[in-house]
Amino acid sequence: MLTHLDERGRARMVDVGEKGETHRVAVARGEIWMAPETMAAIREGNVPKGDVLAAARIAGIMAAKRTPDLIPLCHPLPITHVQVDFTLRDPDEAHPQPWVEITARVETVARTGVEMEAMTAVMVAALTIYDMAKALDRRMRLMNVRLIEKHGGKSGDLILEP
């Protein structure tokens with residue numbers, strides 16, 4: 001049976017009331033590819049709208065906290081920590097353009113996990129980078145948003161990437 005559907009096939013929020021509260025962590029990652037000139041402007045702080053990564057960090061943190069307002073049937077959780085980090089990368093075999101790697105780590109002590117919050121943080125941080133730099137580069141590409149690890153809860157640890 002699908003957990004978000006009742007016996008008649010109607011949408012429902014999963015009842016987590018009987019589950020115990022545990023420390024839970026989720027880490028998500030994503031990328032935004034861009035032109036070399038755009039990456040240079042971000043690195044040098046020369047984007048007309050301001051500090052791109054500072055705005056994207058705040059947006060990612062805010063998004064994690066607002067996930068239940070965005071994702072239907074997502075439980076509101078008492079988030080205890082959100083960290084959003086950026087790594088500016090040069091082109092390589094898998095990436096024909098420079099790219100910003102975005103990593104979000106979200107923690108809670110709750111009855112359900114924070115995977116959606118971590119992925120939402122990454123996506124909104126990427127959207128903010130796009131919004132702030134789109135005047136320089138409308139060809140930016142948001143890519144590969146994914147969960148890379150989760151910890152806590154009944155199912156335990158899941159490590160999908162190092």
# chains A, B, ... in the order shown; residues from 1 in each chain; ligands from 1
$ select_by_dssp --residues "range 28-151 of chain A" --states "helix (DSSP H, G or I)" --output "PyMOL selection string"
chain A and resi 36-44+52-65+67-70+115-133
$ residues_around --residues "Ala133 in chain A" --least-positions-apart "2" --cutoff "8 Å" --atoms "only C-alpha atoms" --output "VMD selection string"
chain A and resid 38 47 49 52 129 to 131 135 to 137
$ closest_residue --among "A:Pro78, A:Gly20, A:Pro72, A:Pro98" --to "Ala40 in chain A" --atoms "only C-alpha atoms"
A:Pro98
$ residues_around --residues "Lys65 in chain A" --least-positions-apart "5" --cutoff "12 Å" --atoms "only C-alpha atoms" --output "list in words"
Ile58, Ala59, Gly60, Leu70, Ile71, Cys74, His75, Pro76, Leu77, Pro78, Ile79, Thr80, His81, Val82, Gln83, Val106, Glu107, Thr108, Val114, Met116, Glu117, Ala118, Met119, Thr120, Ala121 and Val124 of chain A
$ residues_around --residues "Ile159 in chain A" --least-positions-apart "3" --cutoff "9 Å" --atoms "only C-alpha atoms" --output "list in words"
Ile148, Glu149, Lys150, His151 and Pro162 of chain A
$ write_last_selection --atoms "N, CA and C atoms" --output "tab-separated table (two decimals), in the first residue's frame"
chain	number	residue	atom	x	y	z
A	148	ILE	N	21.90	12.63	-1.03
A	148	ILE	CA	23.15	11.86	-1.03
A	148	ILE	C	23.34	11.05	0.24
A	149	GLU	N	22.66	11.44	1.33
A	149	GLU	CA	22.70	10.60	2.53
A	149	GLU	C	21.60	10.99	3.49
A	150	LYS	N	21.21	10.02	4.33
A	150	LYS	CA	20.27	10.28	5.41
A	150	LYS	C	20.64	9.39	6.58
A	151	HIS	N	20.33	9.89	7.78
A	151	HIS	CA	20.66	9.17	9.00
A	151	HIS	C	19.50	9.30	9.98
A	162	PRO	N	29.65	9.47	-1.59
A	162	PRO	CA	30.63	9.87	-0.55
A	162	PRO	C	30.58	11.37	-0.28
$ residues_around --residues "Arg146 in chain A" --least-positions-apart "4" --cutoff "7 Å" --atoms "only C-alpha atoms" --output "PyMOL selection string"
chain A and resi 28-30+119
$ closest_residue --among "A:Met62, A:Ala110, A:Ile32, A:Val27" --to "Thr87 in chain A" --atoms "only C-alpha atoms"
A:Ile32
$ select_by_dssp --residues "chain A" --states "strand (DSSP E or B)" --output "NGL selection string"
:A and (5 or 11 or 22-33 or 79-89 or 92 or 95 or 99-110 or 141-151 or 158-159)
$ closest_residue --among "A:Val109, A:Ala125, A:Val100, A:Leu142" --to "Phe86 in chain A" --atoms "only C-alpha atoms"
A:Val100
$ closest_residue --among "A:Leu127, A:Leu88, A:Ala56, A:Gly152" --to "Met140 in chain A" --atoms "only C-alpha atoms"
A:Leu127
$ closest_residue --among "A:Val122, A:Ala35, A:Leu73, A:Ala104" --to "Arg141 in chain A" --atoms "only C-alpha atoms"
A:Ala35
$ closest_residue --among "A:Met123, A:Ala26, A:Ala55, A:Glu21" --to "Leu158 in chain A" --atoms "only C-alpha atoms"
A:Ala26
$ atom_distance --atom1 "CA of Val84 in chain A" --atom2 "CA of Leu147 in chain A"
13.8 Å
